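Have a look at target_5.csv below; it lists CSV, C-alpha atoms and all ligand atoms.
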```csv
chain,number,residue,atom,x,y,z
L,4,MET,CA,-27.1,19.1,5.5
L,5,LEU,CA,-24.7,16.1,5.1
L,6,ILE,CA,-26.2,12.7,4.5
L,7,SER,CA,-24.8,9.5,6.0
L,8,PRO,CA,-26.7,6.5,4.6
L,9,SER,CA,-26.8,3.6,7.0
L,10,ILE,CA,-25.8,0.3,5.6
L,11,LEU,CA,-28.0,-1.4,8.1
L,12,ALA,CA,-30.7,-1.2,5.5
L,13,ALA,CA,-28.5,-2.2,2.6
L,14,ASP,CA,-28.0,-5.7,1.2
L,15,PHE,CA,-25.3,-7.2,3.4
L,16,ALA,CA,-24.3,-9.6,0.5
L,17,ASN,CA,-23.7,-6.5,-1.7
L,18,LEU,CA,-22.3,-3.9,0.6
L,19,ALA,CA,-19.7,-2.6,-1.8
L,20,ARG,CA,-22.3,-2.3,-4.6
L,21,ASP,CA,-24.9,-0.5,-2.4
L,22,SER,CA,-22.2,1.8,-0.9
L,23,ALA,CA,-21.1,2.7,-4.4
L,24,PHE,CA,-24.7,3.6,-5.3
L,25,ALA,CA,-24.9,5.8,-2.2
L,26,ALA,CA,-21.7,7.5,-3.3
L,27,GLU,CA,-23.0,8.0,-6.8
L,28,GLY,CA,-26.2,9.5,-5.4
L,29,GLY,CA,-24.2,12.1,-3.6
L,30,ALA,CA,-23.9,10.7,0.0
L,31,ASP,CA,-21.4,12.5,2.1
L,32,LEU,CA,-20.5,9.7,4.5
L,33,LEU,CA,-21.3,6.0,5.0
L,34,HIS,CA,-22.9,5.1,8.4
L,35,VAL,CA,-21.9,1.7,9.8
L,36,ASP,CA,-23.9,0.5,12.8
L,37,VAL,CA,-22.0,-1.8,15.1
L,38,MET,CA,-24.2,-3.7,17.5
L,39,ASP,CA,-23.0,-6.4,20.0
L,40,GLY,CA,-26.2,-7.9,21.4
L,41,HIS,CA,-25.5,-6.5,24.8
L,42,PHE,CA,-25.8,-2.7,24.6
L,43,VAL,CA,-28.7,-3.2,22.2
L,44,PRO,CA,-30.7,-6.3,21.5
L,45,ASN,CA,-29.3,-6.9,18.0
L,46,ILE,CA,-26.1,-8.0,16.4
L,47,THR,CA,-24.6,-6.6,13.2
L,48,VAL,CA,-21.0,-6.2,12.0
L,49,GLY,CA,-17.6,-5.6,13.5
L,50,ILE,CA,-14.0,-4.7,12.8
L,51,PRO,CA,-13.3,-6.9,9.7
L,52,VAL,CA,-16.3,-5.4,7.9
L,53,VAL,CA,-15.2,-1.9,8.6
L,54,LYS,CA,-11.7,-2.8,7.4
L,55,SER,CA,-13.1,-4.2,4.1
L,56,LEU,CA,-15.4,-1.3,3.5
L,57,ALA,CA,-12.6,1.2,4.1
L,58,GLY,CA,-10.6,-0.5,1.4
L,59,SER,CA,-13.4,-0.6,-1.1
L,60,VAL,CA,-15.7,2.4,-0.6
L,61,SER,CA,-14.8,6.0,-1.5
L,62,LEU,CA,-17.0,7.5,1.3
L,63,PRO,CA,-15.6,8.3,4.7
L,64,LEU,CA,-16.9,5.8,7.2
L,65,ASP,CA,-19.1,7.1,10.0
L,66,VAL,CA,-18.9,4.3,12.5
L,67,HIS,CA,-21.6,4.1,15.3
L,68,LEU,CA,-20.6,1.8,18.1
L,69,MET,CA,-23.7,0.5,20.0
L,70,ILE,CA,-21.6,-1.8,22.2
L,71,ASP,CA,-20.5,-2.4,25.8
L,72,ASP,CA,-17.0,-1.4,26.6
L,73,PRO,CA,-16.3,0.8,23.5
L,74,ALA,CA,-12.9,1.8,25.1
L,75,ARG,CA,-11.7,-1.8,24.6
L,76,TYR,CA,-12.4,-1.7,20.9
L,77,ALA,CA,-12.0,1.9,19.9
L,78,GLU,CA,-8.4,1.7,18.7
L,79,GLU,CA,-9.1,-1.3,16.5
L,80,PHE,CA,-12.0,0.4,14.8
L,81,CYS,CA,-9.8,3.5,14.2
L,82,ARG,CA,-7.1,1.4,12.7
L,83,ALA,CA,-9.7,-0.5,10.6
L,84,GLY,CA,-10.4,2.8,8.8
L,85,ALA,CA,-13.2,4.7,10.6
L,86,SER,CA,-13.1,8.5,9.8
L,87,ILE,CA,-15.6,9.2,12.6
L,88,LEU,CA,-15.9,6.9,15.5
L,89,THR,CA,-18.9,7.4,17.8
L,90,ILE,CA,-19.3,5.8,21.2
L,91,HIS,CA,-22.4,5.9,23.4
L,92,TYR,CA,-22.5,8.0,26.5
L,93,GLU,CA,-24.5,5.2,28.2
L,94,SER,CA,-22.2,2.3,27.4
L,95,PRO,CA,-20.7,0.6,30.4
L,96,SER,CA,-17.0,0.9,29.7
L,97,SER,CA,-13.5,0.1,31.1
L,98,SER,CA,-12.5,3.8,30.5
L,99,SER,CA,-14.4,7.0,30.9
L,100,PRO,CA,-16.1,8.5,27.9
L,101,ALA,CA,-13.6,11.4,28.1
L,102,ASP,CA,-10.6,9.2,28.0
L,103,THR,CA,-12.1,7.2,25.1
L,104,LEU,CA,-12.9,10.3,23.1
L,105,ARG,CA,-9.3,11.5,23.7
L,106,ALA,CA,-7.9,8.2,22.6
L,107,ILE,CA,-9.9,8.3,19.4
L,108,ARG,CA,-8.7,11.8,18.6
L,109,ALA,CA,-5.1,10.8,19.4
L,110,LEU,CA,-5.4,8.3,16.5
L,111,GLY,CA,-6.3,11.0,14.1
L,112,VAL,CA,-10.0,9.9,13.9
L,113,ARG,CA,-12.9,12.3,14.6
L,114,ALA,CA,-14.5,11.4,17.9
L,115,GLY,CA,-18.3,11.2,18.3
L,116,LEU,CA,-20.5,10.8,21.3
L,117,SER,CA,-24.1,9.6,21.1
L,118,ILE,CA,-27.1,9.9,23.4
L,119,LYS,CA,-30.1,7.7,23.6
L,120,PRO,CA,-33.6,9.3,23.6
L,121,ALA,CA,-34.0,9.1,27.4
L,122,THR,CA,-30.6,10.8,28.1
L,123,PRO,CA,-30.9,14.5,28.8
L,124,VAL,CA,-28.9,16.5,26.2
L,125,GLU,CA,-27.4,18.4,29.2
L,126,ALA,CA,-25.6,15.3,30.2
L,127,VAL,CA,-22.9,15.8,27.5
L,128,ARG,CA,-22.1,19.4,28.5
L,129,GLU,CA,-18.7,18.6,30.0
L,130,LEU,CA,-17.7,16.2,27.3
L,131,LEU,CA,-18.6,18.4,24.3
L,132,PRO,CA,-15.2,20.1,24.0
L,133,LEU,CA,-13.8,16.6,23.4
L,134,CYS,CA,-16.3,15.8,20.6
L,135,ASP,CA,-16.1,16.3,16.9
L,136,LEU,CA,-19.6,15.0,16.5
L,137,LEU,CA,-22.7,14.7,18.8
L,138,LEU,CA,-25.2,12.1,17.7
L,139,VAL,CA,-28.7,12.6,19.1
L,140,MET,CA,-30.6,9.4,18.6
L,141,THR,CA,-34.1,10.0,17.3
L,142,VAL,CA,-35.2,6.3,17.9
L,143,GLU,CA,-34.2,3.8,20.5
L,144,PRO,CA,-31.0,2.3,19.1
L,145,GLY,CA,-31.0,-1.3,17.9
L,146,PHE,CA,-33.1,-1.5,14.8
L,147,GLY,CA,-33.6,0.3,11.5
L,148,GLY,CA,-37.1,1.2,10.1
L,149,GLN,CA,-38.5,2.7,13.4
L,150,LYS,CA,-40.6,5.8,13.7
L,151,PHE,CA,-38.9,9.2,14.4
L,152,LEU,CA,-39.7,9.8,18.1
L,153,PRO,CA,-41.9,12.8,19.1
L,154,GLY,CA,-39.9,15.3,21.0
L,155,SER,CA,-36.8,14.8,18.9
L,156,LEU,CA,-37.0,18.2,17.2
L,157,GLU,CA,-36.8,19.9,20.6
L,158,ARG,CA,-33.8,17.7,21.6
L,159,ILE,CA,-32.1,18.6,18.3
L,160,ALA,CA,-32.7,22.3,18.9
L,161,GLU,CA,-31.4,22.0,22.5
L,162,ALA,CA,-28.2,20.1,21.3
L,163,ARG,CA,-27.7,22.9,18.7
L,164,ARG,CA,-27.7,25.6,21.4
L,165,LEU,CA,-25.3,23.6,23.6
L,166,ILE,CA,-22.9,23.0,20.7
L,167,ASP,CA,-23.1,26.7,19.5
L,168,GLY,CA,-22.2,27.8,23.1
L,169,LEU,CA,-19.4,25.3,23.8
L,170,ASN,CA,-17.9,23.8,20.7
L,171,PRO,CA,-19.3,25.3,17.4
L,172,ALA,CA,-17.0,23.1,15.3
L,173,CYS,CA,-18.7,19.9,16.6
L,174,LEU,CA,-21.2,18.4,14.1
L,175,LEU,CA,-24.7,17.6,15.2
L,176,GLU,CA,-25.9,14.3,13.8
L,177,ILE,CA,-29.3,12.6,14.0
L,178,ASP,CA,-30.1,9.0,13.5
L,179,GLY,CA,-33.4,7.0,13.3
L,180,GLY,CA,-36.6,7.4,11.4
L,181,VAL,CA,-35.3,10.2,9.3
L,182,ASP,CA,-36.7,10.4,5.8
L,183,GLU,CA,-37.7,13.0,3.1
L,184,THR,CA,-40.8,14.0,5.1
L,185,ASN,CA,-38.9,15.2,8.3
L,186,VAL,CA,-35.3,15.9,7.2
L,187,THR,CA,-36.0,19.5,6.4
L,188,ALA,CA,-37.5,20.1,9.9
L,189,CYS,CA,-34.4,18.4,11.4
L,190,ALA,CA,-32.2,20.7,9.4
L,191,GLU,CA,-34.2,23.7,10.5
L,192,ALA,CA,-33.8,22.6,14.1
L,193,GLY,CA,-30.1,22.6,13.7
L,194,ALA,CA,-28.9,19.1,12.6
L,195,ASP,CA,-25.8,19.1,10.4
L,196,VAL,CA,-25.7,15.4,9.5
L,197,ALA,CA,-28.7,13.1,8.8
L,198,VAL,CA,-28.2,9.3,9.1
L,199,MET,CA,-30.8,7.5,6.9
L,200,GLY,CA,-31.1,3.8,6.5
L,201,SER,CA,-34.5,2.7,5.1
L,202,ALA,CA,-35.1,6.1,3.4
L,203,VAL,CA,-32.0,5.5,1.2
L,204,PHE,CA,-31.7,1.8,0.8
L,205,ARG,CA,-35.3,0.7,0.4
L,206,GLY,CA,-35.2,1.4,-3.3
L,207,ASP,CA,-32.5,2.6,-5.6
L,208,PRO,CA,-30.2,4.7,-3.4
L,209,ARG,CA,-29.4,7.1,-6.3
L,210,GLU,CA,-33.1,7.9,-6.8
L,211,ARG,CA,-33.8,8.0,-3.1
L,212,LEU,CA,-30.9,10.4,-2.4
L,213,ALA,CA,-32.1,12.7,-5.3
L,214,ARG,CA,-35.5,12.8,-3.7
L,215,ILE,CA,-34.1,13.6,-0.3
L,216,ARG,CA,-31.8,16.3,-1.7
L,217,SER,CA,-34.8,17.9,-3.5
L,218,ALA,CA,-36.8,17.9,-0.3
L,219,LEU,CA,-33.9,19.7,1.4
L,220,GLY,CA,-33.5,22.1,-1.5
L,221,ALA,CA,-37.0,23.3,-0.9
L,222,GLU,CA,-35.9,24.5,2.6
W,1,LIG,C1,-30.4,2.3,14.8
W,1,LIG,C2,-29.2,2.7,14.0
W,1,LIG,C3,-29.6,3.5,12.8
W,1,LIG,C4,-30.4,2.8,11.7
W,1,LIG,C5,-31.3,3.9,11.2
W,1,LIG,O1,-30.0,1.9,16.0
W,1,LIG,O2,-28.3,3.5,14.7
W,1,LIG,O3,-28.4,4.0,12.1
W,1,LIG,O4,-29.7,2.2,10.7
W,1,LIG,O5,-32.3,3.3,10.3
W,1,LIG,P1,-33.5,4.1,9.8
W,1,LIG,O6,-33.0,5.3,9.0
W,1,LIG,O7,-34.2,3.1,8.9
W,1,LIG,O8,-34.4,4.5,10.9
W,2,ZN,ZN,-26.6,4.5,13.7
```
Using structure tokens, write down the structure that the file contains.
Amino acid sequence: MLISPSILAADFANLARDSAFAAEGGADLLHVDVMDGHFVPNITVGIPVVKSLAGSVSLPLDVHLMIDDPARYAEEFCRAGASILTIHYESPSSSSPADTLRAIRALGVRAGLSIKPATPVEAVRELLPLCDLLLVMTVEPGFGGQKFLPGSLERIAEARRLIDGLNPACLLEIDGGVDETNVTACAEAGADVAVMGSAVFRGDPRERLARIRSALGAE
């Protein structure tokens, strides 16, 4: 299981320091939640912050766009230094998700597609061959610190089956309410990458990550 700590729960005045702690703790990626106040009722960070982080953090940036019209901004986020750029299936957009995923890949960035909890997993079937990552949200996007939604394990297992059948190279990522108590069940259901905000940053990320790794080690 790869771990992608979400800086949404970090200290925004000390992002480089907290990201370095996450790297020291053995994080695999760094998850950056971009929110525009339209697609979700919250506002976070944008292109300049991704650019600064890319220049000062050793971890690959796993950028999660929770915005309207991701097609309009995808190229700038890629050029800012995203390693993975994930758009939402549900976002209203000036280009189709398929074209946006293709455009992201054409810039040498891994293309991700995310679905909200109410979107059937089957909805992404046709798009899966264009994806390097499928992000199954395990809370309603918008805020950190929410509870892992019931029914998520079944959705993870369903996404696993779809990926195995159509594009086994695609990573399956989960995001929201994941911590050391449920991460093992998520791994068993087939998740490859766990995003964790509160579980990593509410405390010393190095200790938190060690605890999460030992929970996973007991798999
Ligand atoms: C929520 C974000 C998540 C958030 C997860 O919309 O996409 O990445 O940071 O936070 P936790 O792990 O605290 O639920
Ligand atoms: Zn996220």
* Selection as a ChimeraX atom specification: residues within 7 Å of ligand ZN 2 (chain W) by all atoms listed in the file -> /L:9,34-36,67,178,198
* Out of L:Ala25, L:Ala13, L:Val127, L:Leu174, which residue has the shortest atom-to-atom distance to ligand LIG 1 (chain W) when counting only C-alpha atoms and all ligand atoms? ->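 The closest residue to ligand LIG 1 (chain W) is L:Ala13.
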* To do: Rounded to one decimal place, report the atom CA of L:Gly206-atom CA of L:Leu62 distance in Å.
  =>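 These atoms are spaced 19.7 Å apart.
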* To do: Show me which residues sit within 9 Å of ligand LIG 1 (chain W) when counting all atoms listed in the file, and put them as a ChimeraX atom specification.
  => /L:7-12,34-38,43,67-69,140-151,177-182,197-205
* Nearest-residue call for L:Tyr92, choices L:Glu129, L:Glu78, L:Asp31, L:Asp207, using only C-alpha atoms -> L:Glu129
* To do: Could you check which of L:Ser97, L:Ser217, L:Asn185, L:Ser59 is closest to L:Ala77, using all atoms listed in the file?
  =>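 Closest to L:Ala77, using all atoms listed in the file: L:Ser97.
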* To do: Just the residues within 8 Å of L:Arg209, please, counting only C-alpha atoms, with nothing from its chain fewer than 6 positions along; format it as a list of chain:residue names.
  => L:Phe24, L:Ala25, L:Glu27, L:Gly28, L:Gly29
* Between L:Ala74, L:Ile6, L:Ala121, L:Ala190, which is the closest to L:Ser98 once you count all atoms listed in the file? ->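 Among L:Ala74, L:Ile6, L:Ala121, L:Ala190, it is L:Ala74 that comes nearest to L:Ser98.
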* Compile the contact shell of stretch 99-106 of chain L as a list of chain:residue names: residues with an atom at most 9 Å away, counting only C-alpha atoms, same-chain residues fewer than 6 positions apart removed. => L:Pro73, L:Ala74, L:Ala77, L:Glu78, L:Leu88, L:Thr89, L:Ile90, L:His91, L:Tyr92, L:Arg113, L:Ala114, L:Gly115, L:Leu116, L:Leu130, L:Leu133, L:Cys134
* Figure out the distance between atom CA of L:Ala172 and atom CA of L:Leu5, please, to one decimal in Å. =>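 If I compute the distance from atom CA of L:Leu5 to atom CA of L:Ala172, I get 14.6 Å.
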* Shell of 12 Å around L:Ala188, all atoms listed in the file, local chain residues under 2 positions omitted, as a ChimeraX atom specification -> /L:4,151,155-157,159-160,177,181-186,190-195,197,218-219,221-222
L:Ser94: which residues within 7 Å, counting all atoms listed in the file, same-chain residues fewer than 5 positions away excluded, as a PDB file with C-alpha atoms, in the frame of the given file?
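Contents of part19.pdb, as written:
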```pdb
ATOM      1  CA  PHE L  42     -25.800  -2.700  24.600  1.00  0.00           C
ATOM      2  CA  ILE L  70     -21.600  -1.800  22.200  1.00  0.00           C
ATOM      3  CA  ASP L  71     -20.500  -2.400  25.800  1.00  0.00           C
ATOM      4  CA  ASP L  72     -17.000  -1.400  26.600  1.00  0.00           C
TER       5      ASP L  72
END
```
* Suppose you want the space between atom CA of L:Asn17 and atom CA of L:Ser117; what is it in Å? -> 27.9 Å
* To do: Select, from L:Asp21, L:Asp39, L:Glu79, L:Glu161, the residue with the minimum atom-to-atom distance to L:Pro123, counting all atoms listed in the file.
  => L:Glu161
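Taking only C-alpha atoms into account, L:Leu212 lies nearest to L:Ala26 out of the set L:Asn45, L:Asp135, L:Pro120, L:Ala26.
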